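Worksheet: one structure, shown below.
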Amino acid sequence: MSRTPAPHGRTGRPPLTSRAQILETARRLIDEDGWEKLTIRRLATEVGVGATTLYHHIRNKDDLLLHLLNHHIGQIERPRPPGSPRDRIVTAATAMRDALTAWPWAAEVLSADGFVGLLDESAMWMVEDVVAGAGDHGCTPDQSVDVFRSIWYFTVGEVLVRAHSARRQAEGRPFAYRDDLDRSQVPHLAAIGTRWAALAARDIYPEALATFVDALLARAAPQETLLEGRPR
């Protein structure tokens, strides 16, 4: 039996490559040259197809990013959550930091509110664990969102500063730390001087995160929760 010819145009024509190939190639290009330099035309060339073919799988560059992020986060092993709500928040936030450190361009692209609604449910577990931990601690839903957003801003800032600093260092153009500051104007900074570079290189995220989470929960928890441990 002869096959009915497919209609003219793209309708009915199978794509010439797979989404897995596209994502793998896109990630390689991003790792090599950065997200900013990736274009649909270059991606198509690397995959070995025409740019039009890619649109069987992705709508545009932003859509490609979301597929990459969902795939990346979906491959991260979810840590066993501790029993304490506070410790669950710290564990989830640390997982966020580690995931973004491995892929810092994602932090830059996601540095805008509303990204949560763009992720697949399977990629939302870090957000879920923070919000759930805050809720189990006694926060209202609104307060739980505030806790997550505060931790997210703190974590994204940490990741971006580290990534940009490392990139400038690798390019041989790090910012210089001055040793000629006027002590009459900025006495404390002058006393620190060029030691700032070594101090800034330390990883203080874990202890800073723990302190930050404690402060957020203490501020956000309902008054009855705060009074539970006090002597009457």
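Chain lettering (A, B, ...) mirrors the order of the structure tokens, residue numbering begins at 1 for each chain separately, and ligand numbering begins at 1 in order of display.
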
List the spatial neighbours of Phe212 of chain A as a tab-separated table (two decimals) with all heavy atoms, in the first residue's frame - criterion: any atom at most 9 Å away, only C-alpha atoms, same-chain residues fewer than 5 positions off excluded.
chain	number	residue	atom	x	y	z
A	151	ILE	N	16.22	34.05	51.05
A	151	ILE	CA	17.32	33.10	50.89
A	151	ILE	C	17.77	33.03	49.44
A	151	ILE	O	18.97	32.93	49.15
A	151	ILE	CB	16.87	31.70	51.39
A	151	ILE	CG1	16.65	31.74	52.90
A	151	ILE	CG2	17.91	30.64	51.03
A	151	ILE	CD1	16.04	30.46	53.46
A	207	GLU	N	28.04	29.29	57.25
A	207	GLU	CA	27.74	29.91	58.53
A	207	GLU	C	26.84	31.13	58.37
A	207	GLU	O	25.96	31.38	59.21
A	207	GLU	CB	29.04	30.30	59.25
A	207	GLU	CG	29.92	31.27	58.49
A	207	GLU	CD	31.29	31.43	59.13
A	207	GLU	OE1	32.16	30.57	58.86
A	207	GLU	OE2	31.48	32.39	59.89
A	217	LEU	N	13.50	33.00	60.36
A	217	LEU	CA	12.46	32.22	61.02
A	217	LEU	C	12.00	32.90	62.30
A	217	LEU	O	10.81	32.87	62.64
A	217	LEU	CB	12.97	30.81	61.31
A	217	LEU	CG	13.23	29.94	60.08
A	217	LEU	CD1	13.75	28.57	60.50
A	217	LEU	CD2	11.97	29.79	59.24

Excluding segment 162-170 of chain A and residues on its chain fewer than 5 positions from it, collect all residues at most 9 Å away from it, counting only C-alpha atoms, and give them as number ranges by chain. A: 101, 104-105, 157, 175, 201

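Every protein, DNA or RNA residue with an atom at most 6 Å from Gly133 of chain A, where only C-alpha atoms count and chain neighbours fewer than 5 positions away do not, is listed here: Pro85, Arg88 and Ile89 of chain A.
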
Take the residues that were just selected and, keeping N, CA, C and O atoms, output them as an mmCIF file, in the first residue's frame.
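Okay, out-v4.cif is ready:
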data_model
loop_
_atom_site.group_PDB
_atom_site.id
_atom_site.type_symbol
_atom_site.label_atom_id
_atom_site.label_comp_id
_atom_site.auth_asym_id
_atom_site.auth_seq_id
_atom_site.Cartn_x
_atom_site.Cartn_y
_atom_site.Cartn_z
ATOM 1 N N PRO A 85 12.706 21.387 60.769
ATOM 2 C CA PRO A 85 12.316 22.288 59.680
ATOM 3 C C PRO A 85 13.420 23.277 59.325
ATOM 4 O O PRO A 85 13.675 23.531 58.142
ATOM 5 N N ARG A 88 16.081 21.536 57.366
ATOM 6 C CA ARG A 88 15.633 21.234 56.003
ATOM 7 C C ARG A 88 15.813 22.445 55.105
ATOM 8 O O ARG A 88 16.186 22.324 53.935
ATOM 9 N N ILE A 89 15.543 23.625 55.636
ATOM 10 C CA ILE A 89 15.725 24.853 54.861
ATOM 11 C C ILE A 89 17.195 25.047 54.520
ATOM 12 O O ILE A 89 17.557 25.351 53.377
#

Mind listing the alpha helix (DSSP H) residues of segment 26-149 of chain A, per DSSP on the backbone, as a VMD selection string? chain A and resid 26 to 33 40 to 47 51 to 54 61 to 74 85 to 102 104 to 109 125 to 137 141 to 149

Using atom CA of Gly117 of chain A and atom CA of Val131 of chain A as the two end points, give the distance in Å to one decimal. 14.4 Å

Using only C-alpha atoms for the distances, tell me which of A:Leu189, A:Ala215, A:Ala132, A:Leu65 is nearest to Glu108 of chain A.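 Closest candidate: A:Leu65.
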
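The closest residue to Thr140 of chain A, picked from A:Leu69, A:Ala220, A:Ala51, A:Ile30 and counting only C-alpha atoms, is A:Ala220.
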
Excluding segment 190-197 of chain A and its own-chain neighbours fewer than 4 positions away, which residues fall within 12 Å of it when counting only C-alpha atoms? Please give them as a PDB file with all heavy atoms, in the first residue's frame.
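Saved result, selection.pdb, follows:
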ATOM      1  N   SER A 165      33.881  37.082  39.859  1.00  0.00           N
ATOM      2  CA  SER A 165      35.241  37.271  40.372  1.00  0.00           C
ATOM      3  C   SER A 165      36.193  36.254  39.764  1.00  0.00           C
ATOM      4  O   SER A 165      37.316  36.592  39.362  1.00  0.00           O
ATOM      5  CB  SER A 165      35.248  37.151  41.902  1.00  0.00           C
ATOM      6  OG  SER A 165      34.434  38.135  42.494  1.00  0.00           O
ATOM      7  N   GLN A 169      39.389  36.934  37.284  1.00  0.00           N
ATOM      8  CA  GLN A 169      40.696  36.403  37.656  1.00  0.00           C
ATOM      9  C   GLN A 169      41.283  35.585  36.513  1.00  0.00           C
ATOM     10  O   GLN A 169      42.468  35.712  36.176  1.00  0.00           O
ATOM     11  CB  GLN A 169      40.559  35.538  38.916  1.00  0.00           C
ATOM     12  CG  GLN A 169      41.882  35.051  39.491  1.00  0.00           C
ATOM     13  CD  GLN A 169      42.665  36.155  40.172  1.00  0.00           C
ATOM     14  OE1 GLN A 169      42.083  37.036  40.818  1.00  0.00           O
ATOM     15  NE2 GLN A 169      43.981  36.125  40.033  1.00  0.00           N
ATOM     16  N   PRO A 174      41.571  41.046  37.476  1.00  0.00           N
ATOM     17  CA  PRO A 174      40.839  41.165  38.742  1.00  0.00           C
ATOM     18  C   PRO A 174      40.868  42.604  39.247  1.00  0.00           C
ATOM     19  O   PRO A 174      41.756  43.389  38.899  1.00  0.00           O
ATOM     20  CB  PRO A 174      41.617  40.242  39.680  1.00  0.00           C
ATOM     21  CG  PRO A 174      43.014  40.276  39.143  1.00  0.00           C
ATOM     22  CD  PRO A 174      42.857  40.358  37.644  1.00  0.00           C
ATOM     23  N   PHE A 175      39.876  42.948  40.051  1.00  0.00           N
ATOM     24  CA  PHE A 175      39.879  44.270  40.672  1.00  0.00           C
ATOM     25  C   PHE A 175      41.028  44.350  41.676  1.00  0.00           C
ATOM     26  O   PHE A 175      41.306  43.393  42.406  1.00  0.00           O
ATOM     27  CB  PHE A 175      38.556  44.534  41.389  1.00  0.00           C
ATOM     28  CG  PHE A 175      37.398  44.740  40.449  1.00  0.00           C
ATOM     29  CD1 PHE A 175      36.267  43.943  40.525  1.00  0.00           C
ATOM     30  CD2 PHE A 175      37.442  45.735  39.482  1.00  0.00           C
ATOM     31  CE1 PHE A 175      35.192  44.136  39.661  1.00  0.00           C
ATOM     32  CE2 PHE A 175      36.377  45.935  38.609  1.00  0.00           C
ATOM     33  CZ  PHE A 175      35.250  45.134  38.698  1.00  0.00           C
ATOM     34  N   ALA A 176      41.690  45.488  41.707  1.00  0.00           N
ATOM     35  CA  ALA A 176      42.812  45.684  42.627  1.00  0.00           C
ATOM     36  C   ALA A 176      42.306  46.202  43.969  1.00  0.00           C
ATOM     37  O   ALA A 176      41.335  46.956  44.037  1.00  0.00           O
ATOM     38  CB  ALA A 176      43.817  46.666  42.037  1.00  0.00           C
ATOM     39  N   TYR A 177      42.966  45.776  45.034  1.00  0.00           N
ATOM     40  CA  TYR A 177      42.638  46.259  46.383  1.00  0.00           C
ATOM     41  C   TYR A 177      43.679  47.298  46.771  1.00  0.00           C
ATOM     42  O   TYR A 177      44.884  47.043  46.739  1.00  0.00           O
ATOM     43  CB  TYR A 177      42.636  45.104  47.379  1.00  0.00           C
ATOM     44  CG  TYR A 177      41.488  44.153  47.159  1.00  0.00           C
ATOM     45  CD1 TYR A 177      41.629  43.078  46.281  1.00  0.00           C
ATOM     46  CD2 TYR A 177      40.277  44.326  47.800  1.00  0.00           C
ATOM     47  CE1 TYR A 177      40.569  42.198  46.061  1.00  0.00           C
ATOM     48  CE2 TYR A 177      39.212  43.457  47.596  1.00  0.00           C
ATOM     49  CZ  TYR A 177      39.369  42.398  46.716  1.00  0.00           C
ATOM     50  OH  TYR A 177      38.326  41.538  46.497  1.00  0.00           O
ATOM     51  N   ARG A 178      43.201  48.457  47.146  1.00  0.00           N
ATOM     52  CA  ARG A 178      44.103  49.586  47.403  1.00  0.00           C
ATOM     53  C   ARG A 178      44.772  49.478  48.775  1.00  0.00           C
ATOM     54  O   ARG A 178      44.173  49.017  49.744  1.00  0.00           O
ATOM     55  CB  ARG A 178      43.314  50.892  47.325  1.00  0.00           C
ATOM     56  CG  ARG A 178      42.792  51.194  45.932  1.00  0.00           C
ATOM     57  CD  ARG A 178      41.936  52.442  45.933  1.00  0.00           C
ATOM     58  NE  ARG A 178      42.644  53.588  46.500  1.00  0.00           N
ATOM     59  CZ  ARG A 178      42.082  54.767  46.701  1.00  0.00           C
ATOM     60  NH1 ARG A 178      40.806  54.962  46.379  1.00  0.00           N
ATOM     61  NH2 ARG A 178      42.789  55.765  47.213  1.00  0.00           N
ATOM     62  N   ASP A 179      46.012  49.910  48.803  1.00  0.00           N
ATOM     63  CA  ASP A 179      46.742  49.958  50.075  1.00  0.00           C
ATOM     64  C   ASP A 179      47.126  51.385  50.442  1.00  0.00           C
ATOM     65  O   ASP A 179      47.971  51.614  51.304  1.00  0.00           O
ATOM     66  CB  ASP A 179      48.003  49.086  50.007  1.00  0.00           C
ATOM     67  CG  ASP A 179      48.951  49.509  48.882  1.00  0.00           C
ATOM     68  OD1 ASP A 179      48.623  50.483  48.162  1.00  0.00           O
ATOM     69  OD2 ASP A 179      49.999  48.862  48.715  1.00  0.00           O
ATOM     70  N   ASP A 180      46.484  52.351  49.761  1.00  0.00           N
ATOM     71  CA  ASP A 180      46.819  53.756  50.004  1.00  0.00           C
ATOM     72  C   ASP A 180      45.596  54.557  50.458  1.00  0.00           C
ATOM     73  O   ASP A 180      45.506  55.760  50.208  1.00  0.00           O
ATOM     74  CB  ASP A 180      47.401  54.389  48.739  1.00  0.00           C
ATOM     75  CG  ASP A 180      46.412  54.350  47.562  1.00  0.00           C
ATOM     76  OD1 ASP A 180      45.411  53.615  47.667  1.00  0.00           O
ATOM     77  OD2 ASP A 180      46.657  55.050  46.558  1.00  0.00           O
ATOM     78  N   LEU A 181      44.662  53.894  51.132  1.00  0.00           N
ATOM     79  CA  LEU A 181      43.454  54.575  51.572  1.00  0.00           C
ATOM     80  C   LEU A 181      43.765  55.598  52.663  1.00  0.00           C
ATOM     81  O   LEU A 181      44.636  55.385  53.509  1.00  0.00           O
ATOM     82  CB  LEU A 181      42.432  53.554  52.091  1.00  0.00           C
ATOM     83  CG  LEU A 181      41.889  52.570  51.040  1.00  0.00           C
ATOM     84  CD1 LEU A 181      41.019  51.519  51.711  1.00  0.00           C
ATOM     85  CD2 LEU A 181      41.101  53.311  49.970  1.00  0.00           C
ATOM     86  N   ASP A 182      43.042  56.689  52.634  1.00  0.00           N
ATOM     87  CA  ASP A 182      43.222  57.770  53.606  1.00  0.00           C
ATOM     88  C   ASP A 182      42.584  57.349  54.936  1.00  0.00           C
ATOM     89  O   ASP A 182      41.370  57.226  55.041  1.00  0.00           O
ATOM     90  CB  ASP A 182      42.565  59.047  53.071  1.00  0.00           C
ATOM     91  CG  ASP A 182      42.840  60.255  53.946  1.00  0.00           C
ATOM     92  OD1 ASP A 182      43.262  60.073  55.104  1.00  0.00           O
ATOM     93  OD2 ASP A 182      42.608  61.377  53.467  1.00  0.00           O
ATOM     94  N   ARG A 183      43.389  57.151  55.955  1.00  0.00           N
ATOM     95  CA  ARG A 183      42.883  56.703  57.249  1.00  0.00           C
ATOM     96  C   ARG A 183      41.970  57.721  57.911  1.00  0.00           C
ATOM     97  O   ARG A 183      41.149  57.370  58.751  1.00  0.00           O
ATOM     98  CB  ARG A 183      44.049  56.365  58.177  1.00  0.00           C
ATOM     99  CG  ARG A 183      44.793  55.097  57.765  1.00  0.00           C
ATOM    100  CD  ARG A 183      45.940  54.789  58.711  1.00  0.00           C
ATOM    101  NE  ARG A 183      46.606  53.562  58.313  1.00  0.00           N
ATOM    102  CZ  ARG A 183      46.266  52.353  58.729  1.00  0.00           C
ATOM    103  NH1 ARG A 183      45.244  52.223  59.563  1.00  0.00           N
ATOM    104  NH2 ARG A 183      46.938  51.295  58.334  1.00  0.00           N
ATOM    105  N   SER A 184      42.121  58.973  57.550  1.00  0.00           N
ATOM    106  CA  SER A 184      41.248  59.984  58.138  1.00  0.00           C
ATOM    107  C   SER A 184      39.834  59.915  57.558  1.00  0.00           C
ATOM    108  O   SER A 184      38.883  60.389  58.165  1.00  0.00           O
ATOM    109  CB  SER A 184      41.833  61.380  57.911  1.00  0.00           C
ATOM    110  OG  SER A 184      41.826  61.719  56.532  1.00  0.00           O
ATOM    111  N   GLN A 185      39.692  59.324  56.380  1.00  0.00           N
ATOM    112  CA  GLN A 185      38.399  59.220  55.725  1.00  0.00           C
ATOM    113  C   GLN A 185      37.729  57.858  55.967  1.00  0.00           C
ATOM    114  O   GLN A 185      36.537  57.787  56.265  1.00  0.00           O
ATOM    115  CB  GLN A 185      38.563  59.437  54.211  1.00  0.00           C
ATOM    116  CG  GLN A 185      39.084  60.808  53.824  1.00  0.00           C
ATOM    117  CD  GLN A 185      38.066  61.905  54.122  1.00  0.00           C
ATOM    118  OE1 GLN A 185      36.863  61.716  53.917  1.00  0.00           O
ATOM    119  NE2 GLN A 185      38.542  63.041  54.613  1.00  0.00           N
ATOM    120  N   VAL A 186      38.488  56.799  55.808  1.00  0.00           N
ATOM    121  CA  VAL A 186      37.949  55.432  55.974  1.00  0.00           C
ATOM    122  C   VAL A 186      38.931  54.611  56.819  1.00  0.00           C
ATOM    123  O   VAL A 186      39.625  53.732  56.313  1.00  0.00           O
ATOM    124  CB  VAL A 186      37.712  54.764  54.608  1.00  0.00           C
ATOM    125  CG1 VAL A 186      36.473  55.319  53.928  1.00  0.00           C
ATOM    126  CG2 VAL A 186      38.923  54.937  53.685  1.00  0.00           C
ATOM    127  N   ALA A 201      37.974  35.836  49.803  1.00  0.00           N
ATOM    128  CA  ALA A 201      38.098  34.539  49.146  1.00  0.00           C
ATOM    129  C   ALA A 201      37.583  33.392  50.019  1.00  0.00           C
ATOM    130  O   ALA A 201      37.342  32.292  49.523  1.00  0.00           O
ATOM    131  CB  ALA A 201      39.551  34.275  48.769  1.00  0.00           C
ATOM    132  N   ARG A 202      37.392  33.649  51.312  1.00  0.00           N
ATOM    133  CA  ARG A 202      36.918  32.590  52.208  1.00  0.00           C
ATOM    134  C   ARG A 202      35.459  32.232  51.908  1.00  0.00           C
ATOM    135  O   ARG A 202      34.670  33.089  51.529  1.00  0.00           O
ATOM    136  CB  ARG A 202      37.032  33.033  53.670  1.00  0.00           C
ATOM    137  CG  ARG A 202      38.465  33.337  54.131  1.00  0.00           C
ATOM    138  CD  ARG A 202      38.434  33.908  55.540  1.00  0.00           C
ATOM    139  NE  ARG A 202      37.622  35.133  55.565  1.00  0.00           N
ATOM    140  CZ  ARG A 202      37.093  35.646  56.677  1.00  0.00           C
ATOM    141  NH1 ARG A 202      37.262  35.047  57.838  1.00  0.00           N
ATOM    142  NH2 ARG A 202      36.385  36.757  56.615  1.00  0.00           N
TER     143      ARG A 202
END
